[in-house]
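Worksheet: one structure, shown below.
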Amino acid sequence: MKIDIITVVPDILSGPFSHSIMKRAQDKGLLTVNVINLREYTSYARAQVDDYPFGGGAGMVMMIEPLVNAIESLKKITQYDEIIFLSPDGETFNQKTANALSLKKSLLMVCGHYKGVDQRFRDHFVTKEISIGDYVLSGGELAAAVITDAIGRLLPGVLNDETSALTDSFQDNLLAPPVYTRPENFRGWRVPEVLMSGNHKMIEAWRQEQSLIRTQDRRPDLLD
Ligand code: ADE
C-alpha cells in the first residue's frame, strides 16, 4: 500500500514512520509512505501557501492553487483510491474506518494547517474528510500519522503474529482483555490462575469474558 501525505511541515512526519512496526512495514515493502512538502508546489514568492481570509477574520487560510498543483502532479504517478483531508470537522476515525482504508491500494492525505483550507479545494478534490477526535490539533500531521499507523499495522504480513491485529481492541466492537507476563507473583499480586493452567479452551473463554466485562465497564456504547 502507498500513502502520500501533503504537508507544510514535513519535519513533523520524519519520526513516526521511522521506527518499530511502521519501519518494519516499509522495510518489508508492504507500505510506502511519502511525505510531500506543499511549499515545493507554490508559484507564490517566498514559498507562500496561505493567505488572509476573504471577508476578514482571524487566522490564515491555505490557498487552493499550491494544493491543486501538488495533487495534479502526484496524480500523474499514482491513481488514488481516496484523497483524505484531515480536519476536526471530518467524520470521526475509528477501527472500522481503519479496516476499510487498509484494503485500499493508495491514499493521499492532505494535512490542514492555519485556520483551514479554501473550501473549493474540499469541494472539488477531497473524497473523504477525517477527524481523529473532538479536539483541535495545530495541524493534520499528527492525525495523518495516527491514521497511517492504524492502517499500516493491519496490512497482511506487517505484524509478526498474523492473529495479533485481530485481537486488538475494537475489532468485534470489544476492548481487549487484560494481559500479564513474568513474574507470576509480584509483591503478592498474582497472575489470574487460569492463565497458568495451560488449558487453552479455558484461557480463551476467560479472555472472552474479560473482554466483555471490560467493554461493559468502560465503553458500554460499543455494545449497543
Ligand atoms: N486537524 C486539527 N485537528 C484535527 C483533528 N482533531 N483531526 C484531524 N485533523 C485535525
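Going by the C-alpha cells order, chains are called A, B, ..., each with residues numbered from 1, while ligands are numbered from 1 in the order shown.
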Within 8 Å of ligand 1, which residues of chain A come that close, and what is the closest atom pair and distance in Å for each? Count only C-alpha atoms and all ligand atoms and give it as a Markdown table.
| residue | atom | partner | partner_atom_place_in_ligand_line | distance |
| --- | --- | --- | --- | --- |
| A:Phe85 | CA | ligand 1 | 9 (N) | 7.7 |
| A:Leu86 | CA | ligand 1 | 9 (N) | 4.0 |
| A:Ser87 | CA | ligand 1 | 9 (N) | 3.6 |
| A:Pro88 | CA | ligand 1 | 5 (C) | 3.9 |
| A:Asp89 | CA | ligand 1 | 5 (C) | 7.5 |
| A:Gly90 | CA | ligand 1 | 8 (C) | 7.2 |
| A:Thr92 | CA | ligand 1 | 7 (N) | 7.9 |
| A:Cys111 | CA | ligand 1 | 9 (N) | 7.2 |
| A:Gly112 | CA | ligand 1 | 1 (N) | 6.1 |
| A:His113 | CA | ligand 1 | 1 (N) | 7.2 |
| A:Ile130 | CA | ligand 1 | 8 (C) | 5.9 |
| A:Ser131 | CA | ligand 1 | 7 (N) | 3.4 |
| A:Ile132 | CA | ligand 1 | 7 (N) | 4.1 |
| A:Gly133 | CA | ligand 1 | 6 (N) | 4.7 |
| A:Asp134 | CA | ligand 1 | 6 (N) | 5.6 |
| A:Tyr135 | CA | ligand 1 | 6 (N) | 4.9 |
| A:Val136 | CA | ligand 1 | 3 (N) | 3.8 |
| A:Leu137 | CA | ligand 1 | 3 (N) | 3.8 |
| A:Ser138 | CA | ligand 1 | 2 (C) | 5.6 |
| A:Gly139 | CA | ligand 1 | 1 (N) | 4.5 |
| A:Gly140 | CA | ligand 1 | 1 (N) | 4.0 |
| A:Glu141 | CA | ligand 1 | 9 (N) | 7.4 |
| A:Leu142 | CA | ligand 1 | 9 (N) | 7.6 |
| A:Ala143 | CA | ligand 1 | 8 (C) | 4.9 |
| A:Ala144 | CA | ligand 1 | 8 (C) | 7.5 |
Inset, instruction - Name the residues of stretch 23-212 of chain A that come out as alpha helix (DSSP H) in a backbone DSSP run; write them as a PyMOL selection string. - result: chain A and resi 23-27+64-75+95-101+119-124+141-152+200-212
Inset, instruction - Excluding A:Glu209 and any residue of its chain fewer than 4 positions from it, enumerate the residues within 12 Å of it, using only C-alpha atoms, and give them as an MDAnalysis selection string. - result: chainID A and resid 174:178 202:205 213:216
Output C-alpha atoms of each residue in that selection to a file, as a PDB file, in the first residue's frame.
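File produced: part-v4.pdb:
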ATOM      1  CA  LEU A 174     -14.897  -5.315  22.122  1.00  0.00           C
ATOM      2  CA  LEU A 175     -11.994  -3.976  24.143  1.00  0.00           C
ATOM      3  CA  ALA A 176      -9.002  -6.293  24.503  1.00  0.00           C
ATOM      4  CA  PRO A 177      -8.746  -8.344  27.728  1.00  0.00           C
ATOM      5  CA  PRO A 178      -6.006  -7.722  30.344  1.00  0.00           C
ATOM      6  CA  MET A 202     -10.449 -22.182  29.415  1.00  0.00           C
ATOM      7  CA  ILE A 203      -7.999 -19.368  28.711  1.00  0.00           C
ATOM      8  CA  GLU A 204      -9.894 -18.352  25.578  1.00  0.00           C
ATOM      9  CA  ALA A 205     -13.218 -18.405  27.476  1.00  0.00           C
ATOM     10  CA  ILE A 213     -16.651  -7.159  31.305  1.00  0.00           C
ATOM     11  CA  ARG A 214     -14.120  -4.514  30.315  1.00  0.00           C
ATOM     12  CA  THR A 215     -16.273  -3.264  27.459  1.00  0.00           C
ATOM     13  CA  GLN A 216     -19.408  -3.147  29.636  1.00  0.00           C
TER      14      GLN A 216
END
Give me the stretch 39-138 of chain A side of the contact with stretch 156-172 of chain A, cut-off 9 Å, one line per residue showing its nearest atom pair and distance in Å at one decimal, counting only C-alpha atoms, sorted by chain and residue number, as CSV.
residue,atom,partner,partner_atom,distance
A:Asn94,CA,A:Phe170,CA,8.4
A:Gln95,CA,A:Phe170,CA,6.2
A:Lys96,CA,A:Gln171,CA,8.0
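Minimum distance to A:Val49 across A:Ser73, A:Arg190, A:Val61, A:Val146 (counting only C-alpha atoms) occurs at A:Val61.
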Using 10 Å as the limit and counting only C-alpha atoms, can you tabulate each residue of stretch 21-52 of chain A that touches stretch 98-110 of chain A, with its shortest atom-to-atom distance in Å and the two atoms involved, as JSON lines?
{"residue": "A:Leu31", "atom": "CA", "partner": "A:Lys105", "partner_atom": "CA", "distance": 9.8}
{"residue": "A:Thr32", "atom": "CA", "partner": "A:Ser106", "partner_atom": "CA", "distance": 9.3}
{"residue": "A:Val33", "atom": "CA", "partner": "A:Leu107", "partner_atom": "CA", "distance": 9.7}
{"residue": "A:Asn34", "atom": "CA", "partner": "A:Leu108", "partner_atom": "CA", "distance": 9.5}
{"residue": "A:Val35", "atom": "CA", "partner": "A:Met109", "partner_atom": "CA", "distance": 9.6}
{"residue": "A:Ile36", "atom": "CA", "partner": "A:Val110", "partner_atom": "CA", "distance": 9.5}
{"residue": "A:Leu38", "atom": "CA", "partner": "A:Val110", "partner_atom": "CA", "distance": 9.5}
Inset, instruction - Going by DSSP on the backbone, which bits of stretch 37-218 of chain A are strand (DSSP E or B)? Write them as a PyMOL selection string, please. - result: chain A and resi 37+50-51+61-62+82-92+106-111+113+117+128-131+139+185-186+189-190
Could the residues in this selection be written to a file with N, CA and C atoms, as a compact mmCIF listing (two decimals), in the first residue's frame?
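Now in selection.txt:
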# COMPACT_ATOMS: atom_id res chain seq x y z
N ASN A 37 6.27 18.04 0.58
CA ASN A 37 6.27 19.41 1.09
C ASN A 37 5.46 20.31 0.16
N ASP A 50 -0.35 30.20 2.11
CA ASP A 50 -1.58 30.63 2.80
C ASP A 50 -1.79 32.13 2.60
N ASP A 51 -3.00 32.58 2.89
CA ASP A 51 -3.30 34.00 2.72
C ASP A 51 -4.44 34.40 3.66
N VAL A 61 -5.60 31.21 5.72
CA VAL A 61 -6.27 30.11 5.04
C VAL A 61 -5.32 29.52 3.99
N MET A 62 -5.25 28.20 3.91
CA MET A 62 -4.40 27.58 2.89
C MET A 62 -5.01 27.83 1.51
N GLU A 82 -8.49 7.23 -2.45
CA GLU A 82 -9.15 8.29 -1.68
C GLU A 82 -8.19 9.46 -1.54
N ILE A 83 -8.75 10.66 -1.58
CA ILE A 83 -7.99 11.85 -1.20
C ILE A 83 -8.61 12.35 0.10
N ILE A 84 -7.84 12.20 1.17
CA ILE A 84 -8.36 12.41 2.52
C ILE A 84 -7.87 13.75 3.06
N PHE A 85 -8.80 14.55 3.54
CA PHE A 85 -8.43 15.80 4.19
C PHE A 85 -8.61 15.62 5.69
N LEU A 86 -7.55 15.91 6.46
CA LEU A 86 -7.61 15.77 7.91
C LEU A 86 -8.11 17.06 8.52
N SER A 87 -9.18 16.96 9.26
CA SER A 87 -9.79 18.17 9.80
C SER A 87 -10.69 17.82 10.98
N PRO A 88 -10.74 18.69 12.00
CA PRO A 88 -11.57 18.36 13.16
C PRO A 88 -13.07 18.25 12.82
N ASP A 89 -13.48 18.78 11.67
CA ASP A 89 -14.91 18.65 11.33
C ASP A 89 -15.18 17.47 10.39
N GLY A 90 -14.21 16.58 10.22
CA GLY A 90 -14.43 15.39 9.40
C GLY A 90 -15.15 14.29 10.18
N GLU A 91 -15.38 13.16 9.54
CA GLU A 91 -16.01 12.03 10.23
C GLU A 91 -15.01 11.43 11.22
N THR A 92 -15.47 11.05 12.39
CA THR A 92 -14.53 10.60 13.43
C THR A 92 -13.93 9.25 13.08
N SER A 106 -3.86 2.89 -2.70
CA SER A 106 -3.10 4.13 -2.50
C SER A 106 -4.00 5.25 -1.98
N LEU A 107 -3.47 5.93 -1.00
CA LEU A 107 -4.21 7.02 -0.36
C LEU A 107 -3.36 8.28 -0.41
N LEU A 108 -4.07 9.40 -0.57
CA LEU A 108 -3.39 10.70 -0.44
C LEU A 108 -4.01 11.40 0.75
N MET A 109 -3.19 11.81 1.70
CA MET A 109 -3.70 12.56 2.84
C MET A 109 -3.20 13.99 2.74
N VAL A 110 -4.09 14.91 3.01
CA VAL A 110 -3.74 16.33 2.96
C VAL A 110 -3.93 16.90 4.37
N CYS A 111 -2.84 17.45 4.90
CA CYS A 111 -2.89 17.98 6.25
C CYS A 111 -3.28 19.45 6.22
N HIS A 113 -3.70 23.16 7.88
CA HIS A 113 -2.92 23.97 8.82
C HIS A 113 -3.55 25.34 8.88
N VAL A 117 -8.55 25.42 5.08
CA VAL A 117 -8.14 25.41 3.69
C VAL A 117 -9.31 25.96 2.85
N LYS A 128 -12.77 12.29 1.05
CA LYS A 128 -13.11 11.85 2.41
C LYS A 128 -12.47 12.81 3.41
N GLU A 129 -13.22 13.18 4.46
CA GLU A 129 -12.68 14.08 5.47
C GLU A 129 -12.71 13.36 6.81
N ILE A 130 -11.56 13.33 7.47
CA ILE A 130 -11.46 12.55 8.71
C ILE A 130 -10.92 13.41 9.86
N SER A 131 -11.56 13.23 11.03
CA SER A 131 -11.06 13.81 12.28
C SER A 131 -10.61 12.66 13.15
N GLY A 139 -2.41 21.08 13.45
CA GLY A 139 -2.43 20.75 12.02
C GLY A 139 -2.83 19.30 11.87
N ASN A 185 4.31 -13.84 40.31
CA ASN A 185 3.93 -13.21 41.57
C ASN A 185 4.81 -11.99 41.79
N PHE A 186 4.21 -10.81 41.80
CA PHE A 186 4.97 -9.59 42.07
C PHE A 186 4.34 -8.92 43.28
N TRP A 189 0.94 -9.81 44.21
CA TRP A 189 -0.12 -9.69 43.19
C TRP A 189 0.10 -10.80 42.18
N ARG A 190 -0.82 -11.75 42.17
CA ARG A 190 -0.65 -12.95 41.35
C ARG A 190 -1.37 -12.81 40.00
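Comparing A:Ala47, A:Leu155, A:Leu30, A:Leu67 by their smallest distance to A:Ile5, the closest is A:Leu67 (using only C-alpha atoms).
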